[in-house]
file input_22.txt (compact mmCIF, N, CA and C atoms)
# COMPACT_ATOMS: atom_id res chain seq x y z
N GLN J 1496 -22.63 23.60 -17.62
CA GLN J 1496 -23.60 23.66 -18.71
C GLN J 1496 -22.90 23.40 -20.04
N VAL J 1497 -23.31 22.39 -20.74
CA VAL J 1497 -22.70 22.04 -22.02
C VAL J 1497 -23.57 22.58 -23.14
N GLU J 1498 -22.93 23.22 -24.10
CA GLU J 1498 -23.64 23.69 -25.29
C GLU J 1498 -22.87 23.29 -26.53
N LEU J 1499 -23.63 22.94 -27.57
CA LEU J 1499 -23.03 22.67 -28.87
C LEU J 1499 -23.45 23.80 -29.80
N MET J 1500 -22.48 24.38 -30.49
CA MET J 1500 -22.76 25.52 -31.35
C MET J 1500 -22.30 25.22 -32.76
N GLU J 1501 -23.27 25.10 -33.69
CA GLU J 1501 -22.91 24.87 -35.09
C GLU J 1501 -22.67 26.19 -35.80
N SER J 1502 -21.83 26.13 -36.81
CA SER J 1502 -21.57 27.28 -37.67
C SER J 1502 -21.14 26.79 -39.04
N GLY J 1503 -21.14 27.72 -40.00
CA GLY J 1503 -20.65 27.38 -41.33
C GLY J 1503 -21.73 27.18 -42.36
N GLY J 1504 -22.99 27.21 -41.95
CA GLY J 1504 -24.06 27.06 -42.91
C GLY J 1504 -24.19 28.28 -43.80
N GLY J 1505 -25.01 28.16 -44.83
CA GLY J 1505 -25.20 29.28 -45.73
C GLY J 1505 -25.83 28.85 -47.02
N LEU J 1506 -25.76 29.76 -48.00
CA LEU J 1506 -26.31 29.51 -49.33
C LEU J 1506 -25.17 29.21 -50.29
N VAL J 1507 -25.31 28.15 -51.05
CA VAL J 1507 -24.27 27.75 -51.99
C VAL J 1507 -24.94 27.20 -53.24
N GLN J 1508 -24.26 27.33 -54.37
CA GLN J 1508 -24.80 26.78 -55.61
C GLN J 1508 -24.53 25.28 -55.67
N ALA J 1509 -25.34 24.60 -56.42
CA ALA J 1509 -25.14 23.17 -56.63
C ALA J 1509 -23.73 22.91 -57.16
N GLY J 1510 -23.09 21.89 -56.62
CA GLY J 1510 -21.72 21.58 -56.98
C GLY J 1510 -20.69 22.22 -56.08
N GLY J 1511 -21.14 23.14 -55.24
CA GLY J 1511 -20.24 23.84 -54.35
C GLY J 1511 -19.95 23.07 -53.08
N SER J 1512 -19.21 23.73 -52.18
CA SER J 1512 -18.78 23.09 -50.93
C SER J 1512 -19.04 23.99 -49.74
N LEU J 1513 -19.24 23.37 -48.61
CA LEU J 1513 -19.35 24.06 -47.34
C LEU J 1513 -18.71 23.19 -46.27
N THR J 1514 -18.20 23.82 -45.24
CA THR J 1514 -17.70 23.08 -44.08
C THR J 1514 -18.44 23.56 -42.84
N LEU J 1515 -19.12 22.64 -42.19
CA LEU J 1515 -19.81 22.94 -40.95
C LEU J 1515 -18.90 22.61 -39.77
N SER J 1516 -19.04 23.42 -38.72
CA SER J 1516 -18.30 23.18 -37.49
C SER J 1516 -19.27 23.08 -36.33
N CYS J 1517 -18.92 22.27 -35.36
CA CYS J 1517 -19.70 22.14 -34.14
C CYS J 1517 -18.74 22.20 -32.97
N ALA J 1518 -18.79 23.31 -32.25
CA ALA J 1518 -17.90 23.50 -31.11
C ALA J 1518 -18.66 23.25 -29.82
N ALA J 1519 -18.06 22.48 -28.95
CA ALA J 1519 -18.68 22.19 -27.67
C ALA J 1519 -18.06 23.07 -26.59
N SER J 1520 -18.93 23.75 -25.85
CA SER J 1520 -18.45 24.52 -24.71
C SER J 1520 -18.70 23.72 -23.45
N GLY J 1521 -17.80 23.80 -22.53
CA GLY J 1521 -17.92 22.98 -21.33
C GLY J 1521 -17.29 21.63 -21.55
N SER J 1522 -17.11 20.91 -20.47
CA SER J 1522 -16.46 19.62 -20.54
C SER J 1522 -17.49 18.51 -20.66
N ILE J 1523 -17.32 17.66 -21.66
CA ILE J 1523 -18.22 16.53 -21.85
C ILE J 1523 -17.41 15.26 -21.65
N VAL J 1524 -17.82 14.48 -20.67
CA VAL J 1524 -17.10 13.25 -20.35
C VAL J 1524 -17.89 12.06 -20.88
N GLY J 1525 -17.17 11.11 -21.44
CA GLY J 1525 -17.82 9.88 -21.87
C GLY J 1525 -18.54 9.98 -23.19
N ILE J 1526 -17.96 10.73 -24.14
CA ILE J 1526 -18.58 10.82 -25.46
C ILE J 1526 -18.40 9.51 -26.20
N ASN J 1527 -19.49 8.99 -26.74
CA ASN J 1527 -19.45 7.75 -27.50
C ASN J 1527 -19.40 8.05 -29.00
N THR J 1528 -20.30 8.92 -29.44
CA THR J 1528 -20.34 9.28 -30.85
C THR J 1528 -20.58 10.79 -31.01
N ARG J 1529 -20.02 11.30 -32.06
CA ARG J 1529 -20.32 12.66 -32.51
C ARG J 1529 -20.95 12.52 -33.89
N ALA J 1530 -22.02 13.24 -34.12
CA ALA J 1530 -22.75 13.01 -35.36
C ALA J 1530 -23.35 14.30 -35.90
N TRP J 1531 -23.63 14.25 -37.19
CA TRP J 1531 -24.39 15.31 -37.86
C TRP J 1531 -25.69 14.71 -38.36
N TYR J 1532 -26.77 15.41 -38.09
CA TYR J 1532 -28.09 15.07 -38.59
C TYR J 1532 -28.57 16.24 -39.45
N ARG J 1533 -29.61 15.99 -40.21
CA ARG J 1533 -30.23 17.09 -40.94
C ARG J 1533 -31.73 16.86 -41.01
N GLN J 1534 -32.44 17.98 -41.16
CA GLN J 1534 -33.89 17.92 -41.28
C GLN J 1534 -34.34 18.90 -42.34
N ALA J 1535 -34.91 18.36 -43.40
CA ALA J 1535 -35.46 19.18 -44.47
C ALA J 1535 -36.92 19.48 -44.14
N PRO J 1536 -37.47 20.55 -44.72
CA PRO J 1536 -38.87 20.90 -44.45
C PRO J 1536 -39.81 19.74 -44.77
N GLY J 1537 -40.66 19.43 -43.82
CA GLY J 1537 -41.65 18.37 -44.03
C GLY J 1537 -41.11 16.96 -43.91
N LYS J 1538 -39.84 16.84 -43.55
CA LYS J 1538 -39.24 15.51 -43.44
C LYS J 1538 -38.72 15.26 -42.03
N GLN J 1539 -38.49 13.99 -41.73
CA GLN J 1539 -37.94 13.63 -40.43
C GLN J 1539 -36.45 13.92 -40.38
N ARG J 1540 -35.98 14.14 -39.19
CA ARG J 1540 -34.54 14.33 -39.00
C ARG J 1540 -33.83 13.02 -39.32
N GLU J 1541 -32.72 13.12 -40.06
CA GLU J 1541 -32.01 11.91 -40.46
C GLU J 1541 -30.52 12.04 -40.14
N LEU J 1542 -29.92 10.91 -39.86
CA LEU J 1542 -28.49 10.84 -39.59
C LEU J 1542 -27.73 10.99 -40.91
N VAL J 1543 -26.77 11.88 -40.90
CA VAL J 1543 -25.95 12.13 -42.10
C VAL J 1543 -24.59 11.45 -41.97
N ALA J 1544 -23.94 11.67 -40.84
CA ALA J 1544 -22.59 11.12 -40.65
C ALA J 1544 -22.30 11.05 -39.16
N GLN J 1545 -21.49 10.09 -38.77
CA GLN J 1545 -21.08 10.02 -37.38
C GLN J 1545 -19.65 9.51 -37.27
N ILE J 1546 -19.03 9.85 -36.15
CA ILE J 1546 -17.68 9.39 -35.87
C ILE J 1546 -17.65 8.94 -34.42
N THR J 1547 -17.10 7.75 -34.20
CA THR J 1547 -17.06 7.21 -32.84
C THR J 1547 -15.86 7.75 -32.09
N SER J 1548 -15.81 7.46 -30.80
CA SER J 1548 -14.68 7.88 -30.00
C SER J 1548 -13.39 7.23 -30.49
N GLY J 1549 -13.52 6.09 -31.15
CA GLY J 1549 -12.35 5.41 -31.70
C GLY J 1549 -11.98 5.87 -33.10
N GLY J 1550 -12.74 6.84 -33.64
CA GLY J 1550 -12.41 7.39 -34.94
C GLY J 1550 -13.06 6.68 -36.12
N ILE J 1551 -13.97 5.76 -35.85
CA ILE J 1551 -14.65 5.05 -36.94
C ILE J 1551 -15.77 5.94 -37.46
N THR J 1552 -15.82 6.09 -38.77
CA THR J 1552 -16.82 6.96 -39.38
C THR J 1552 -17.88 6.16 -40.12
N GLY J 1553 -19.03 6.77 -40.24
CA GLY J 1553 -20.12 6.17 -41.00
C GLY J 1553 -20.94 7.24 -41.67
N TYR J 1554 -21.52 6.93 -42.81
CA TYR J 1554 -22.26 7.92 -43.59
C TYR J 1554 -23.56 7.32 -44.13
N SER J 1555 -24.53 8.19 -44.32
CA SER J 1555 -25.74 7.75 -45.00
C SER J 1555 -25.41 7.56 -46.47
N GLY J 1556 -26.18 6.73 -47.12
CA GLY J 1556 -25.92 6.43 -48.52
C GLY J 1556 -25.99 7.65 -49.42
N SER J 1557 -26.83 8.60 -49.03
CA SER J 1557 -27.04 9.76 -49.89
C SER J 1557 -25.87 10.75 -49.87
N VAL J 1558 -24.98 10.65 -48.88
CA VAL J 1558 -23.87 11.60 -48.81
C VAL J 1558 -22.51 10.91 -48.90
N LYS J 1559 -22.49 9.60 -48.87
CA LYS J 1559 -21.22 8.87 -48.89
C LYS J 1559 -20.44 9.22 -50.14
N GLY J 1560 -19.17 9.53 -49.94
CA GLY J 1560 -18.32 9.93 -51.05
C GLY J 1560 -18.30 11.42 -51.30
N ARG J 1561 -19.24 12.14 -50.70
CA ARG J 1561 -19.30 13.60 -50.88
C ARG J 1561 -19.03 14.35 -49.57
N PHE J 1562 -19.44 13.78 -48.45
CA PHE J 1562 -19.28 14.43 -47.14
C PHE J 1562 -18.21 13.69 -46.35
N THR J 1563 -17.51 14.44 -45.51
CA THR J 1563 -16.49 13.87 -44.64
C THR J 1563 -16.64 14.45 -43.23
N ILE J 1564 -16.77 13.57 -42.25
CA ILE J 1564 -16.84 14.00 -40.86
C ILE J 1564 -15.46 13.84 -40.23
N SER J 1565 -15.08 14.81 -39.42
CA SER J 1565 -13.80 14.73 -38.73
C SER J 1565 -13.92 15.45 -37.40
N ARG J 1566 -12.92 15.30 -36.57
CA ARG J 1566 -12.96 15.93 -35.25
C ARG J 1566 -11.59 16.46 -34.88
N ASP J 1567 -11.60 17.45 -34.03
CA ASP J 1567 -10.38 17.97 -33.43
C ASP J 1567 -10.61 17.96 -31.93
N SER J 1568 -10.13 16.92 -31.27
CA SER J 1568 -10.40 16.74 -29.85
C SER J 1568 -9.83 17.88 -29.02
N ALA J 1569 -8.70 18.41 -29.42
CA ALA J 1569 -8.07 19.50 -28.68
C ALA J 1569 -8.95 20.74 -28.69
N LYS J 1570 -9.69 20.93 -29.78
CA LYS J 1570 -10.57 22.10 -29.89
C LYS J 1570 -12.01 21.76 -29.54
N ASN J 1571 -12.27 20.50 -29.17
CA ASN J 1571 -13.62 20.07 -28.84
C ASN J 1571 -14.59 20.38 -29.97
N THR J 1572 -14.14 20.13 -31.19
CA THR J 1572 -14.91 20.51 -32.36
C THR J 1572 -15.03 19.36 -33.34
N VAL J 1573 -16.18 19.22 -33.94
CA VAL J 1573 -16.39 18.22 -34.99
C VAL J 1573 -16.79 18.98 -36.25
N TYR J 1574 -16.35 18.48 -37.39
CA TYR J 1574 -16.56 19.15 -38.66
C TYR J 1574 -17.33 18.25 -39.62
N LEU J 1575 -17.97 18.89 -40.58
CA LEU J 1575 -18.59 18.17 -41.69
C LEU J 1575 -18.21 18.90 -42.97
N GLN J 1576 -17.30 18.30 -43.72
CA GLN J 1576 -16.93 18.86 -45.00
C GLN J 1576 -17.91 18.33 -46.03
N MET J 1577 -18.57 19.24 -46.74
CA MET J 1577 -19.59 18.84 -47.70
C MET J 1577 -19.19 19.32 -49.09
N ASN J 1578 -18.97 18.38 -49.97
CA ASN J 1578 -18.58 18.68 -51.35
C ASN J 1578 -19.67 18.23 -52.31
N SER J 1579 -19.59 18.74 -53.53
CA SER J 1579 -20.54 18.36 -54.58
C SER J 1579 -21.98 18.46 -54.08
N LEU J 1580 -22.29 19.58 -53.47
CA LEU J 1580 -23.61 19.74 -52.86
C LEU J 1580 -24.72 19.74 -53.91
N LYS J 1581 -25.85 19.19 -53.50
CA LYS J 1581 -27.02 19.08 -54.37
C LYS J 1581 -28.20 19.81 -53.71
N PRO J 1582 -29.16 20.24 -54.51
CA PRO J 1582 -30.33 20.91 -53.92
C PRO J 1582 -31.01 20.06 -52.84
N GLU J 1583 -30.97 18.75 -53.00
CA GLU J 1583 -31.60 17.88 -52.01
C GLU J 1583 -30.84 17.82 -50.69
N ASP J 1584 -29.67 18.43 -50.64
CA ASP J 1584 -28.93 18.53 -49.37
C ASP J 1584 -29.44 19.70 -48.54
N THR J 1585 -30.32 20.50 -49.09
CA THR J 1585 -30.88 21.64 -48.36
C THR J 1585 -31.62 21.17 -47.12
N ALA J 1586 -31.22 21.69 -45.97
CA ALA J 1586 -31.81 21.28 -44.70
C ALA J 1586 -31.19 22.10 -43.57
N VAL J 1587 -31.75 21.95 -42.39
CA VAL J 1587 -31.09 22.43 -41.18
C VAL J 1587 -30.22 21.29 -40.68
N TYR J 1588 -28.96 21.58 -40.45
CA TYR J 1588 -28.01 20.57 -40.00
C TYR J 1588 -27.76 20.74 -38.51
N TYR J 1589 -27.85 19.61 -37.81
CA TYR J 1589 -27.69 19.59 -36.36
C TYR J 1589 -26.50 18.73 -35.95
N CYS J 1590 -25.84 19.18 -34.93
CA CYS J 1590 -24.75 18.42 -34.33
C CYS J 1590 -25.29 17.68 -33.11
N ARG J 1591 -24.84 16.47 -32.90
CA ARG J 1591 -25.25 15.68 -31.75
C ARG J 1591 -24.05 14.97 -31.15
N HIS J 1592 -23.94 15.04 -29.82
CA HIS J 1592 -22.95 14.26 -29.11
C HIS J 1592 -23.69 13.23 -28.28
N GLY J 1593 -23.41 11.97 -28.52
CA GLY J 1593 -24.03 10.91 -27.76
C GLY J 1593 -23.07 10.34 -26.73
N LEU J 1594 -23.54 10.22 -25.50
CA LEU J 1594 -22.68 9.75 -24.43
C LEU J 1594 -22.87 8.25 -24.17
N LEU J 1595 -21.88 7.66 -23.53
CA LEU J 1595 -21.96 6.26 -23.16
C LEU J 1595 -23.13 6.01 -22.21
N SER J 1596 -23.51 7.03 -21.45
CA SER J 1596 -24.61 6.90 -20.50
C SER J 1596 -25.96 6.83 -21.18
N GLY J 1597 -25.99 7.19 -22.47
CA GLY J 1597 -27.25 7.24 -23.20
C GLY J 1597 -27.77 8.65 -23.38
N ARG J 1598 -27.21 9.58 -22.63
CA ARG J 1598 -27.63 10.97 -22.77
C ARG J 1598 -27.06 11.54 -24.06
N ALA J 1599 -27.73 12.54 -24.60
CA ALA J 1599 -27.27 13.18 -25.82
C ALA J 1599 -27.42 14.69 -25.71
N TYR J 1600 -26.50 15.39 -26.36
CA TYR J 1600 -26.57 16.83 -26.47
C TYR J 1600 -26.79 17.20 -27.94
N TRP J 1601 -27.61 18.20 -28.17
CA TRP J 1601 -27.90 18.67 -29.51
C TRP J 1601 -27.55 20.15 -29.64
N GLY J 1602 -27.11 20.52 -30.83
CA GLY J 1602 -26.93 21.94 -31.13
C GLY J 1602 -28.24 22.53 -31.61
N GLN J 1603 -28.21 23.83 -31.89
CA GLN J 1603 -29.44 24.52 -32.28
C GLN J 1603 -29.70 24.44 -33.79
N GLY J 1604 -28.71 24.01 -34.54
CA GLY J 1604 -28.87 23.83 -35.97
C GLY J 1604 -28.32 24.98 -36.79
N THR J 1605 -27.92 24.68 -38.01
CA THR J 1605 -27.46 25.69 -38.95
C THR J 1605 -28.05 25.38 -40.32
N GLN J 1606 -28.55 26.41 -40.99
CA GLN J 1606 -29.25 26.23 -42.27
C GLN J 1606 -28.24 26.09 -43.42
N VAL J 1607 -28.47 25.08 -44.22
CA VAL J 1607 -27.71 24.92 -45.47
C VAL J 1607 -28.72 24.94 -46.61
N THR J 1608 -28.50 25.84 -47.55
CA THR J 1608 -29.38 25.95 -48.70
C THR J 1608 -28.55 25.82 -49.97
N VAL J 1609 -28.93 24.87 -50.82
CA VAL J 1609 -28.22 24.64 -52.07
C VAL J 1609 -29.13 25.01 -53.22
N SER J 1610 -28.72 25.97 -54.00
CA SER J 1610 -29.53 26.42 -55.12
C SER J 1610 -29.14 25.67 -56.39
N SER J 1611 -30.13 25.47 -57.24
CA SER J 1611 -29.86 24.72 -58.48
C SER J 1611 -29.43 25.65 -59.61

call {"tool": "encode", "arguments": {"input": "input_22.txt", "output": "structure tokens"}}
result
Amino acid sequence: QVELMESGGGLVQAGGSLTLSCAASGSIVGINTRAWYRQAPGKQRELVAQITSGGITGYSGSVKGRFTISRDSAKNTVYLQMNSLKPEDTAVYYCRHGLLSGRAYWGQGTQVTVSS
């Protein structure tokens, strides 16, 4: 049984920083991408950042230059360093592991709230 567990969310003032972690329990074979998504109230879930198995990263335009995705393969963990946070970054953040087979695993989400 594979589970993804996010942590690190919370309340922060605008301009502040948070680091989210996503730890995978169990062995996952054939990971293609690790990614962070977010969903704000009343909005669709959107891709924030992703990192491929080869280490190539990509970011949405709204977070590029402020957020950094990284991974620690030995710890089976992916991180999202978020700097210069804005109120519009407020959302539930989800971790996703996409496999080469097309299957995907999702975490349960962690709330990030940025106050102005």

call {"tool": "atom_distance", "arguments": {"input": "input_22.txt", "atom1": "CA of Cys1517 (chain J)", "atom2": "atom C of Pro1582 (chain J)"}}
result
22.0 Å

call {"tool": "closest_residue", "arguments": {"input": "input_22.txt", "among": "J:Tyr1588, J:Ser1516, J:Lys1559, J:Ser1502", "to": "Leu1575 (chain J)", "atoms": "only C-alpha atoms"}}
result
J:Ser1516

call {"tool": "residues_near_point", "arguments": {"input": "input_22.txt", "point": "(-22.5, 13.0, -36.0)", "cutoff": "5 Å", "atoms": "only N, CA and C atoms", "output": "ChimeraX atom specification"}}
result
/J:1529-1531,1544-1546

call {"tool": "residues_near_point", "arguments": {"input": "input_22.txt", "point": "(-29.0, 23.2, -30.6)", "cutoff": "7 Å", "atoms": "only N, CA and C atoms", "output": "VMD selection string"}}
result
chain J and resid 1499 to 1501 1589 to 1590 1600 to 1604

call {"tool": "write_last_selection", "arguments": {"input": "input_22.txt", "atoms": "N, CA and C atoms", "output": "compact mmCIF listing (two decimals), in the frame of the given file"}}
result
# COMPACT_ATOMS: atom_id res chain seq x y z
N LEU J 1499 -23.63 22.94 -27.57
CA LEU J 1499 -23.03 22.67 -28.87
C LEU J 1499 -23.45 23.80 -29.80
N MET J 1500 -22.48 24.38 -30.49
CA MET J 1500 -22.76 25.52 -31.35
C MET J 1500 -22.30 25.22 -32.76
N GLU J 1501 -23.27 25.10 -33.69
CA GLU J 1501 -22.91 24.87 -35.09
C GLU J 1501 -22.67 26.19 -35.80
N TYR J 1589 -27.85 19.61 -37.81
CA TYR J 1589 -27.69 19.59 -36.36
C TYR J 1589 -26.50 18.73 -35.95
N CYS J 1590 -25.84 19.18 -34.93
CA CYS J 1590 -24.75 18.42 -34.33
C CYS J 1590 -25.29 17.68 -33.11
N TYR J 1600 -26.50 15.39 -26.36
CA TYR J 1600 -26.57 16.83 -26.47
C TYR J 1600 -26.79 17.20 -27.94
N TRP J 1601 -27.61 18.20 -28.17
CA TRP J 1601 -27.90 18.67 -29.51
C TRP J 1601 -27.55 20.15 -29.64
N GLY J 1602 -27.11 20.52 -30.83
CA GLY J 1602 -26.93 21.94 -31.13
C GLY J 1602 -28.24 22.53 -31.61
N GLN J 1603 -28.21 23.83 -31.89
CA GLN J 1603 -29.44 24.52 -32.28
C GLN J 1603 -29.70 24.44 -33.79
N GLY J 1604 -28.71 24.01 -34.54
CA GLY J 1604 -28.87 23.83 -35.97
C GLY J 1604 -28.32 24.98 -36.79

call {"tool": "closest_residue", "arguments": {"input": "input_22.txt", "among": "J:Ser1611, J:Arg1591, J:Gly1505, J:Thr1585", "to": "Leu1542 (chain J)", "atoms": "only C-alpha atoms"}}
result
J:Arg1591

call {"tool": "select_by_dssp", "arguments": {"input": "input_22.txt", "residues": "chain J", "states": "strand (DSSP E or B)", "output": "ChimeraX atom specification"}}
result
/J:1498-1502,1505-1508,1513-1520,1526-1534,1541-1547,1552-1554,1562-1567,1572-1577,1586-1594,1599-1601,1605-1610

call {"tool": "closest_residue", "arguments": {"input": "input_22.txt", "among": "J:Gln1539, J:Ser1568, J:Thr1563, J:Gln1606", "to": "Val1587 (chain J)", "atoms": "all atoms listed in the file"}}
result
J:Gln1606

call {"tool": "closest_residue", "arguments": {"input": "input_22.txt", "among": "J:Ser1522, J:Ser1596, J:Ser1579, J:Gln1508", "to": "Val1609 (chain J)", "atoms": "all atoms listed in the file"}}
result
J:Gln1508

call {"tool": "closest_residue", "arguments": {"input": "input_22.txt", "among": "J:Arg1533, J:Val1507, J:Thr1608, J:Thr1514", "to": "Ser1555 (chain J)", "atoms": "only C-alpha atoms"}}
result
J:Arg1533

call {"tool": "closest_residue", "arguments": {"input": "input_22.txt", "among": "J:Leu1506, J:Val1543, J:Ile1564, J:Ile1523", "to": "Val1607 (chain J)", "atoms": "only C-alpha atoms"}}
result
J:Leu1506

call {"tool": "residues_around", "arguments": {"input": "input_22.txt", "residues": "Gly1521 (chain J)", "least_positions_apart": "4", "cutoff": "8 Å", "atoms": "all atoms listed in the file", "output": "PyMOL selection string"}}
result
chain J and resi 1496-1499

call {"tool": "atom_distance", "arguments": {"input": "input_22.txt", "atom1": "atom C of Leu1513 (chain J)", "atom2": "atom N of Asn1578 (chain J)"}}
result
6.1 Å

call {"tool": "axis_aligned_box", "arguments": {"input": "input_22.txt", "around": "region 1560-1570 of chain J", "padding_each_side": "3 Å", "output": "lines of an AutoDock Vina configuration file"}}
result
center_x = -13.8
center_y = 15.8
center_z = -40.0
size_x = 17.4
size_y = 18.6
size_z = 28.6

call {"tool": "residues_around", "arguments": {"input": "input_22.txt", "residues": "Asn1527 (chain J)", "least_positions_apart": "2", "cutoff": "6 Å", "atoms": "only C-alpha atoms", "output": "list in words"}}
result
Thr1547, Ser1548, Gly1593, Leu1594 and Leu1595 of chain J

call {"tool": "write_last_selection", "arguments": {"input": "input_22.txt", "atoms": "N, CA and C atoms", "output": "PDB file, keeping the file's coordinate frame"}}
result
ATOM      1  N   THR J1547     -17.100   7.750 -34.200  1.00  0.00           N
ATOM      2  CA  THR J1547     -17.060   7.210 -32.840  1.00  0.00           C
ATOM      3  C   THR J1547     -15.860   7.750 -32.090  1.00  0.00           C
ATOM      4  N   SER J1548     -15.810   7.460 -30.800  1.00  0.00           N
ATOM      5  CA  SER J1548     -14.680   7.880 -30.000  1.00  0.00           C
ATOM      6  C   SER J1548     -13.390   7.230 -30.490  1.00  0.00           C
ATOM      7  N   GLY J1593     -23.410  11.970 -28.520  1.00  0.00           N
ATOM      8  CA  GLY J1593     -24.030  10.910 -27.760  1.00  0.00           C
ATOM      9  C   GLY J1593     -23.070  10.340 -26.730  1.00  0.00           C
ATOM     10  N   LEU J1594     -23.540  10.220 -25.500  1.00  0.00           N
ATOM     11  CA  LEU J1594     -22.680   9.750 -24.430  1.00  0.00           C
ATOM     12  C   LEU J1594     -22.870   8.250 -24.170  1.00  0.00           C
ATOM     13  N   LEU J1595     -21.880   7.660 -23.530  1.00  0.00           N
ATOM     14  CA  LEU J1595     -21.960   6.260 -23.160  1.00  0.00           C
ATOM     15  C   LEU J1595     -23.130   6.010 -22.210  1.00  0.00           C
TER      16      LEU J1595
END

call {"tool": "atom_distance", "arguments": {"input": "input_22.txt", "atom1": "atom N of Gln1576 (chain J)", "atom2": "atom C of Ser1512 (chain J)"}}
result
8.5 Å

call {"tool": "build_atoms", "arguments": {"input": "input_22.txt", "residues": "region 1571-1577 of chain J", "atoms": "all heavy atoms", "output": "CSV table (one decimal), in the frame of the given file"}}
result
chain,number,residue,atom,x,y,z
J,1571,ASN,N,-12.3,20.5,-29.2
J,1571,ASN,CA,-13.6,20.1,-28.8
J,1571,ASN,C,-14.6,20.4,-30.0
J,1571,ASN,O,-15.7,20.8,-29.7
J,1571,ASN,CB,-14.1,20.8,-27.6
J,1571,ASN,CG,-14.4,19.8,-26.4
J,1571,ASN,OD1,-14.4,18.6,-26.6
J,1571,ASN,ND2,-14.7,20.4,-25.3
J,1572,THR,N,-14.1,20.1,-31.2
J,1572,THR,CA,-14.9,20.5,-32.4
J,1572,THR,C,-15.0,19.4,-33.3
J,1572,THR,O,-14.1,18.6,-33.5
J,1572,THR,CB,-14.3,21.7,-33.1
J,1572,THR,OG1,-14.2,22.8,-32.2
J,1572,THR,CG2,-15.1,22.1,-34.3
J,1573,VAL,N,-16.2,19.2,-33.9
J,1573,VAL,CA,-16.4,18.2,-35.0
J,1573,VAL,C,-16.8,19.0,-36.2
J,1573,VAL,O,-17.5,20.0,-36.2
J,1573,VAL,CB,-17.5,17.2,-34.6
J,1573,VAL,CG1,-18.8,17.8,-34.3
J,1573,VAL,CG2,-17.6,16.1,-35.6
J,1574,TYR,N,-16.4,18.5,-37.4
J,1574,TYR,CA,-16.6,19.2,-38.7
J,1574,TYR,C,-17.3,18.2,-39.6
J,1574,TYR,O,-17.3,17.0,-39.5
J,1574,TYR,CB,-15.2,19.5,-39.3
J,1574,TYR,CG,-14.3,20.3,-38.4
J,1574,TYR,CD1,-13.3,19.8,-37.6
J,1574,TYR,CD2,-14.4,21.7,-38.4
J,1574,TYR,CE1,-12.5,20.5,-36.8
J,1574,TYR,CE2,-13.6,22.5,-37.6
J,1574,TYR,CZ,-12.7,21.9,-36.8
J,1574,TYR,OH,-11.8,22.6,-36.0
J,1575,LEU,N,-18.0,18.9,-40.6
J,1575,LEU,CA,-18.6,18.2,-41.7
J,1575,LEU,C,-18.2,18.9,-43.0
J,1575,LEU,O,-18.7,20.0,-43.2
J,1575,LEU,CB,-20.1,18.1,-41.5
J,1575,LEU,CG,-20.8,17.2,-42.6
J,1575,LEU,CD1,-20.4,15.7,-42.4
J,1575,LEU,CD2,-22.3,17.4,-42.5
J,1576,GLN,N,-17.3,18.3,-43.7
J,1576,GLN,CA,-16.9,18.9,-45.0
J,1576,GLN,C,-17.9,18.3,-46.0
J,1576,GLN,O,-18.1,17.1,-46.2
J,1576,GLN,CB,-15.5,18.4,-45.4
J,1576,GLN,CG,-15.1,18.8,-46.8
J,1576,GLN,CD,-14.9,20.3,-47.0
J,1576,GLN,OE1,-14.4,21.0,-46.1
J,1576,GLN,NE2,-15.4,20.8,-48.1
J,1577,MET,N,-18.6,19.2,-46.7
J,1577,MET,CA,-19.6,18.8,-47.7
J,1577,MET,C,-19.2,19.3,-49.1
J,1577,MET,O,-19.0,20.5,-49.3
J,1577,MET,CB,-21.0,19.4,-47.3
J,1577,MET,CG,-21.4,19.1,-45.9
J,1577,MET,SD,-23.0,19.7,-45.5
J,1577,MET,CE,-22.8,21.5,-45.6
